[in-house]
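So the structure is just underneath, and the comments pick up after that.
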Amino acid sequence: MLQIQENVSLKNFNTFGIDAAARYFVEIAHENELVELFADPQWQQTERLVIGGGSNLLLVNDFKGLVIRMNIRGIEHRISHNDVFVEAGGGEVWNDLVNYCVARDYAGIENLSLIPGSVGASPIQNIGAYGVELKDVFISCRAFEIATSTIKTFNKDDCQFGYRESVFKNELKGRYIITSVKFQLSLLPNINTKYGAIEQELANRGITSPTIKDVSQVVSHIRVSKLPDPSTIGNAGSFFKNPLISIAEFNKVHEQFPDVVNYPGGDGLVKLAAGWLIEQCGWKGKVVGNTGTWKNQALVLVNHGGATGAEVYAFSSQIIDSVYTKFGVMLQREVNIIS
């Protein structure tokens with residue numbers, strides 16, 4: 001029997017550590033519990049927020065509806081020739097899945113080591129880091145349709161993946177709950193070390209022919225050196241997206257700021273490093289009230305203790321305005337704002 005709790009603090013269910021409350025709260029461990037939950041018409045009509053690890057959201061206010069915490073676990077794999085098909089429950093911790101695969105030499109997600117959050121959230125955001133995105137290894141996901149209480153399978157094309165985007169953040173937002181995700185990995189690794197930070201750290205370690213374990217360890221080391229531990233200081237990882245701009249726009253920025261950090265964005269676009277833009281505006285390590293930017297990475301906003309979601313949001317708006325004034329580039333928040 002499902003237990004619906006009332007007036008639950010979400011402080012321990014979001015990595016920012018924001019002390020907002022949920023009017024109603026339920027934890028889901030099996031797909032059939034979603035059927036049970038939505039058999040009650042009350043929850044069909046109530047505003048809902050689905051969370052996993054709570055790592056990519058900012059709670060600006062108390063949530064007056066139902067918070068559904070997904071906790072469906074389990075990892076299975078099947079090997080066919082050199083391909084490895086892995087399916088994981090939506091409630092699995094993303095990095096636990098990475099470690100599971102790296103330990104078995106299943107290659108493809110080692111560059112995504114130590115990204116916070118749950119497996120179920122990974123397709124929604126099309127998570128990515130160090131030259132790899134989820135869509136590169138994604139096969140399909142199972143998702144519960146709230147309106148019909150049925151399970152639908154979405155393949156890669158169905159998901160309409162973009163840069164930190166998917167159909168689940170747009171036209172299907174709020175209509176489905178992802179219960180499991182299937183990936184295609186390989187026993188033949190295609191080592192991706194094109195990001196300079198990885199190459200430099202491998203060189204520092206004297207590694208010239210890296211394995212996927214080496215890449216995973218190096219990526220983890222880089223992330224730990226740059227990013228704060230949410231168990232120590234509240235944060236949601238990268239708060240802003242790296243902006244994608246046209247070549248014409250880039251040329252304008254580059255003419256005025258020749259050192260601007262940039263990468264190929266595909267489709268005639270250039271990707272700028274949001275952290276560099278923010279740092280150039282003087283925000284790195286800045287503290288304003290109970291919030292601020294992380295001392296080692298300006299892209300990360302932190303809760304120094306007691307910050308409200310509204311305080312963090314207002315601070316992020318100041319950064320957006322500052323970057324636009326200096327560079328003419330509009331930053332977009334990567335974190336989901338729950339207001």
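Letters A, B, ... go to the chains of the structure tokens in the order shown; residues in each chain start at 1; ligands are counted from 1 in the same order.
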Ser209 in chain A environment, 12 Å, only C-alpha atoms, sequence neighbours closer than 2 positions dropped, as a list in words: Pro189, Asn190, Ile191, Asn192, Thr193, Glu199, Leu202, Ala203, Arg205, Gly206, Ile207, Thr211, Ile212, Lys213, Asp214 and Val215 of chain A
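Every protein or nucleic acid residue with an atom no more than 10 Å from Val181 in chain A, counting only C-alpha atoms and leaving out same-chain residues fewer than 6 positions away, appears here: A:Ile75, A:Val86, A:Glu87, A:Ala88, A:Gly89, A:Gly90, A:Val119, A:Gly120, A:Ala121, A:Ser122, A:Pro123, A:Phe138, A:Ile139, A:Ser140, A:Cys141, A:Arg142, A:Ala143, A:Thr153, A:Phe154.
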Give me the residues within 10 Å of Val335 in chain A as a list in words, counting only C-alpha atoms and dropping any in the same chain fewer than 3 places off. Ser55, Asn56, Leu57, Leu58, Gln125, Ala236, Gly237, Ser238, Phe239, Phe240, Lys241, Gln332 and Ile338 of chain A
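Nearest residue to Gly309 in chain A, choosing from A:Leu277, A:Ile146, A:Ala20, A:Leu49 and counting only C-alpha atoms: A:Ala20.
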When you look at range 257-270 of chain A with a cut-off of 8 Å (counting only C-alpha atoms), what residues show up, excluding the ones that are within fewer than 6 positions of it in the same chain? I need them as a list in words.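 Listed by chain and then number, they are Leu244, Ile245, Ser246, Ile247, Phe250, Trp276 and Leu277 of chain A.
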Selected residues, all heavy atoms, written as a PDB file, in the first residue's frame, please.
```
ATOM      1  N   LEU A 244      25.153  28.359 -27.052  1.00  0.00           N
ATOM      2  CA  LEU A 244      25.415  28.073 -28.468  1.00  0.00           C
ATOM      3  C   LEU A 244      25.035  29.308 -29.275  1.00  0.00           C
ATOM      4  O   LEU A 244      23.890  29.771 -29.204  1.00  0.00           O
ATOM      5  CB  LEU A 244      24.590  26.872 -28.931  1.00  0.00           C
ATOM      6  CG  LEU A 244      25.041  25.495 -28.442  1.00  0.00           C
ATOM      7  CD1 LEU A 244      23.949  24.477 -28.695  1.00  0.00           C
ATOM      8  CD2 LEU A 244      26.329  25.073 -29.129  1.00  0.00           C
ATOM      9  N   ILE A 245      25.980  29.847 -30.029  1.00  0.00           N
ATOM     10  CA  ILE A 245      25.720  31.058 -30.802  1.00  0.00           C
ATOM     11  C   ILE A 245      26.149  30.842 -32.255  1.00  0.00           C
ATOM     12  O   ILE A 245      26.917  29.928 -32.563  1.00  0.00           O
ATOM     13  CB  ILE A 245      26.435  32.295 -30.203  1.00  0.00           C
ATOM     14  CG1 ILE A 245      27.951  32.109 -30.223  1.00  0.00           C
ATOM     15  CG2 ILE A 245      25.943  32.567 -28.787  1.00  0.00           C
ATOM     16  CD1 ILE A 245      28.724  33.341 -29.749  1.00  0.00           C
ATOM     17  N   SER A 246      25.655  31.694 -33.132  1.00  0.00           N
ATOM     18  CA  SER A 246      26.001  31.589 -34.546  1.00  0.00           C
ATOM     19  C   SER A 246      27.452  32.031 -34.760  1.00  0.00           C
ATOM     20  O   SER A 246      28.051  32.713 -33.918  1.00  0.00           O
ATOM     21  CB  SER A 246      25.074  32.467 -35.383  1.00  0.00           C
ATOM     22  OG  SER A 246      25.344  33.844 -35.129  1.00  0.00           O
ATOM     23  N   ILE A 247      28.016  31.648 -35.890  1.00  0.00           N
ATOM     24  CA  ILE A 247      29.390  32.043 -36.216  1.00  0.00           C
ATOM     25  C   ILE A 247      29.489  33.561 -36.310  1.00  0.00           C
ATOM     26  O   ILE A 247      30.477  34.166 -35.862  1.00  0.00           O
ATOM     27  CB  ILE A 247      29.847  31.368 -37.530  1.00  0.00           C
ATOM     28  CG1 ILE A 247      29.978  29.857 -37.312  1.00  0.00           C
ATOM     29  CG2 ILE A 247      31.165  31.957 -38.016  1.00  0.00           C
ATOM     30  CD1 ILE A 247      30.294  29.064 -38.558  1.00  0.00           C
ATOM     31  N   PHE A 250      29.593  34.827 -32.873  1.00  0.00           N
ATOM     32  CA  PHE A 250      30.892  34.500 -32.287  1.00  0.00           C
ATOM     33  C   PHE A 250      31.978  35.453 -32.784  1.00  0.00           C
ATOM     34  O   PHE A 250      32.830  35.892 -32.005  1.00  0.00           O
ATOM     35  CB  PHE A 250      31.281  33.056 -32.621  1.00  0.00           C
ATOM     36  CG  PHE A 250      32.697  32.726 -32.238  1.00  0.00           C
ATOM     37  CD1 PHE A 250      33.056  32.572 -30.908  1.00  0.00           C
ATOM     38  CD2 PHE A 250      33.686  32.610 -33.214  1.00  0.00           C
ATOM     39  CE1 PHE A 250      34.368  32.293 -30.542  1.00  0.00           C
ATOM     40  CE2 PHE A 250      34.998  32.337 -32.864  1.00  0.00           C
ATOM     41  CZ  PHE A 250      35.338  32.172 -31.518  1.00  0.00           C
ATOM     42  N   TRP A 276      33.695  30.551 -18.205  1.00  0.00           N
ATOM     43  CA  TRP A 276      34.677  31.580 -18.559  1.00  0.00           C
ATOM     44  C   TRP A 276      33.999  32.940 -18.647  1.00  0.00           C
ATOM     45  O   TRP A 276      34.528  33.943 -18.138  1.00  0.00           O
ATOM     46  CB  TRP A 276      35.340  31.229 -19.889  1.00  0.00           C
ATOM     47  CG  TRP A 276      36.449  32.160 -20.291  1.00  0.00           C
ATOM     48  CD1 TRP A 276      37.773  32.048 -19.971  1.00  0.00           C
ATOM     49  CD2 TRP A 276      36.330  33.349 -21.096  1.00  0.00           C
ATOM     50  NE1 TRP A 276      38.489  33.092 -20.512  1.00  0.00           N
ATOM     51  CE2 TRP A 276      37.627  33.910 -21.207  1.00  0.00           C
ATOM     52  CE3 TRP A 276      35.268  33.988 -21.719  1.00  0.00           C
ATOM     53  CZ2 TRP A 276      37.884  35.075 -21.922  1.00  0.00           C
ATOM     54  CZ3 TRP A 276      35.508  35.149 -22.428  1.00  0.00           C
ATOM     55  CH2 TRP A 276      36.811  35.688 -22.527  1.00  0.00           C
ATOM     56  N   LEU A 277      32.835  33.012 -19.279  1.00  0.00           N
ATOM     57  CA  LEU A 277      32.111  34.273 -19.403  1.00  0.00           C
ATOM     58  C   LEU A 277      31.785  34.850 -18.026  1.00  0.00           C
ATOM     59  O   LEU A 277      31.972  36.044 -17.766  1.00  0.00           O
ATOM     60  CB  LEU A 277      30.810  34.062 -20.191  1.00  0.00           C
ATOM     61  CG  LEU A 277      30.937  33.565 -21.639  1.00  0.00           C
ATOM     62  CD1 LEU A 277      29.554  33.258 -22.207  1.00  0.00           C
ATOM     63  CD2 LEU A 277      31.657  34.583 -22.513  1.00  0.00           C
TER      64      LEU A 277
END
```
Going by DSSP on the backbone, which residues of range 156-255 of chain A come out as alpha helix (DSSP H)? List them as an MDAnalysis selection string. chainID A and resid 156:159 196:204 212:226 247:255
Residues at most 7 Å from range 7-19 of chain A, counting only C-alpha atoms, excluding those fewer than 6 positions away in the same chain, as an mmCIF file with N, CA and C atoms, in the first residue's frame?
```cif
data_model
loop_
_atom_site.group_PDB
_atom_site.id
_atom_site.type_symbol
_atom_site.label_atom_id
_atom_site.label_comp_id
_atom_site.auth_asym_id
_atom_site.auth_seq_id
_atom_site.Cartn_x
_atom_site.Cartn_y
_atom_site.Cartn_z
ATOM 1 N N PHE A 25 3.818 13.921 -0.522
ATOM 2 C CA PHE A 25 5.076 13.272 -0.919
ATOM 3 C C PHE A 25 4.867 11.765 -0.951
ATOM 4 N N GLY A 53 17.375 12.067 -7.886
ATOM 5 C CA GLY A 53 18.388 12.481 -6.916
ATOM 6 C C GLY A 53 18.236 13.928 -6.479
ATOM 7 N N GLY A 54 17.347 14.661 -7.141
ATOM 8 C CA GLY A 54 17.128 16.062 -6.773
ATOM 9 C C GLY A 54 18.326 16.940 -7.078
ATOM 10 N N SER A 55 19.098 16.533 -8.102
ATOM 11 C CA SER A 55 20.382 17.198 -8.349
ATOM 12 C C SER A 55 20.315 18.297 -9.396
ATOM 13 N N LEU A 59 14.347 24.774 -5.926
ATOM 14 C CA LEU A 59 13.020 24.983 -5.357
ATOM 15 C C LEU A 59 12.909 26.428 -4.890
ATOM 16 N N PRO A 230 27.995 18.054 -2.928
ATOM 17 C CA PRO A 230 26.704 18.498 -2.396
ATOM 18 C C PRO A 230 26.477 18.107 -0.939
ATOM 19 N N GLY A 234 25.684 22.881 -0.484
ATOM 20 C CA GLY A 234 24.576 22.700 -1.399
ATOM 21 C C GLY A 234 24.848 23.272 -2.778
ATOM 22 N N ASN A 235 24.571 22.493 -3.813
ATOM 23 C CA ASN A 235 24.706 22.956 -5.188
ATOM 24 C C ASN A 235 24.005 21.977 -6.119
ATOM 25 N N ALA A 236 23.810 22.395 -7.367
ATOM 26 C CA ALA A 236 23.167 21.539 -8.363
ATOM 27 C C ALA A 236 24.077 21.317 -9.563
ATOM 28 N N ASN A 303 24.905 27.022 -2.112
ATOM 29 C CA ASN A 303 24.170 27.429 -0.916
ATOM 30 C C ASN A 303 25.149 27.363 0.252
ATOM 31 N N ALA A 307 20.370 29.478 2.478
ATOM 32 C CA ALA A 307 19.867 30.209 1.312
ATOM 33 C C ALA A 307 18.480 29.714 0.936
ATOM 34 N N THR A 308 17.638 30.629 0.501
ATOM 35 C CA THR A 308 16.341 30.244 -0.045
ATOM 36 C C THR A 308 16.471 30.074 -1.554
ATOM 37 N N GLY A 309 15.522 29.358 -2.138
ATOM 38 C CA GLY A 309 15.540 29.211 -3.583
ATOM 39 C C GLY A 309 15.386 30.546 -4.289
#
```
What does the structure give for the distance between CA of Asn290 in chain A and CA of Leu114 in chain A, in Å to one decimal?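 Rounded to one decimal, the two atoms are 26.0 Å apart.
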One-decimal distance in Å that lies between CA of Ser317 in chain A and CA of Gln256 in chain A: 24.0 Å
Env of Met1 in chain A: 10 Å cut, atoms = only C-alpha atoms, seq-sep filter 3 positions within chain, self excluded. Answer as a PyMOL selection string. chain A and resi 4+33+36-37
Take CA of Asn32 in chain A and CA of Glu145 in chain A and report the distance between them in Å, one decimal.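 Taking CA of Asn32 in chain A and CA of Glu145 in chain A, their separation equals 12.3 Å.
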What parts of range 45-159 of chain A does DSSP call strand (DSSP E)? I'd like the answer as a ChimeraX atom specification. /A:48-51,57-59,63-70,75-80,83-89,128-129,132-133,138-145,150-155
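Using only C-alpha atoms for every distance, the candidate list A:Asp40, A:Glu334, A:Asp83, A:Glu76 yields A:Asp83 as the residue closest to Leu188 in chain A.
Residues in contact with range 126-136 of chain A at up to 9 Å, not including ones fewer than 6 positions away on its chain and judged by only C-alpha atoms, are A:Gly108, A:Ile109, A:Asn111, A:Leu112, A:Ser113, A:Ile115, A:Lys156, A:Phe161, A:Gly162, A:Tyr163, A:Arg164, A:Glu165, A:Ser166, A:Phe183, A:Gln184, A:Asn192, A:Thr193, A:Lys194, A:Tyr195, A:Ala197, A:Ile198, A:Val219.
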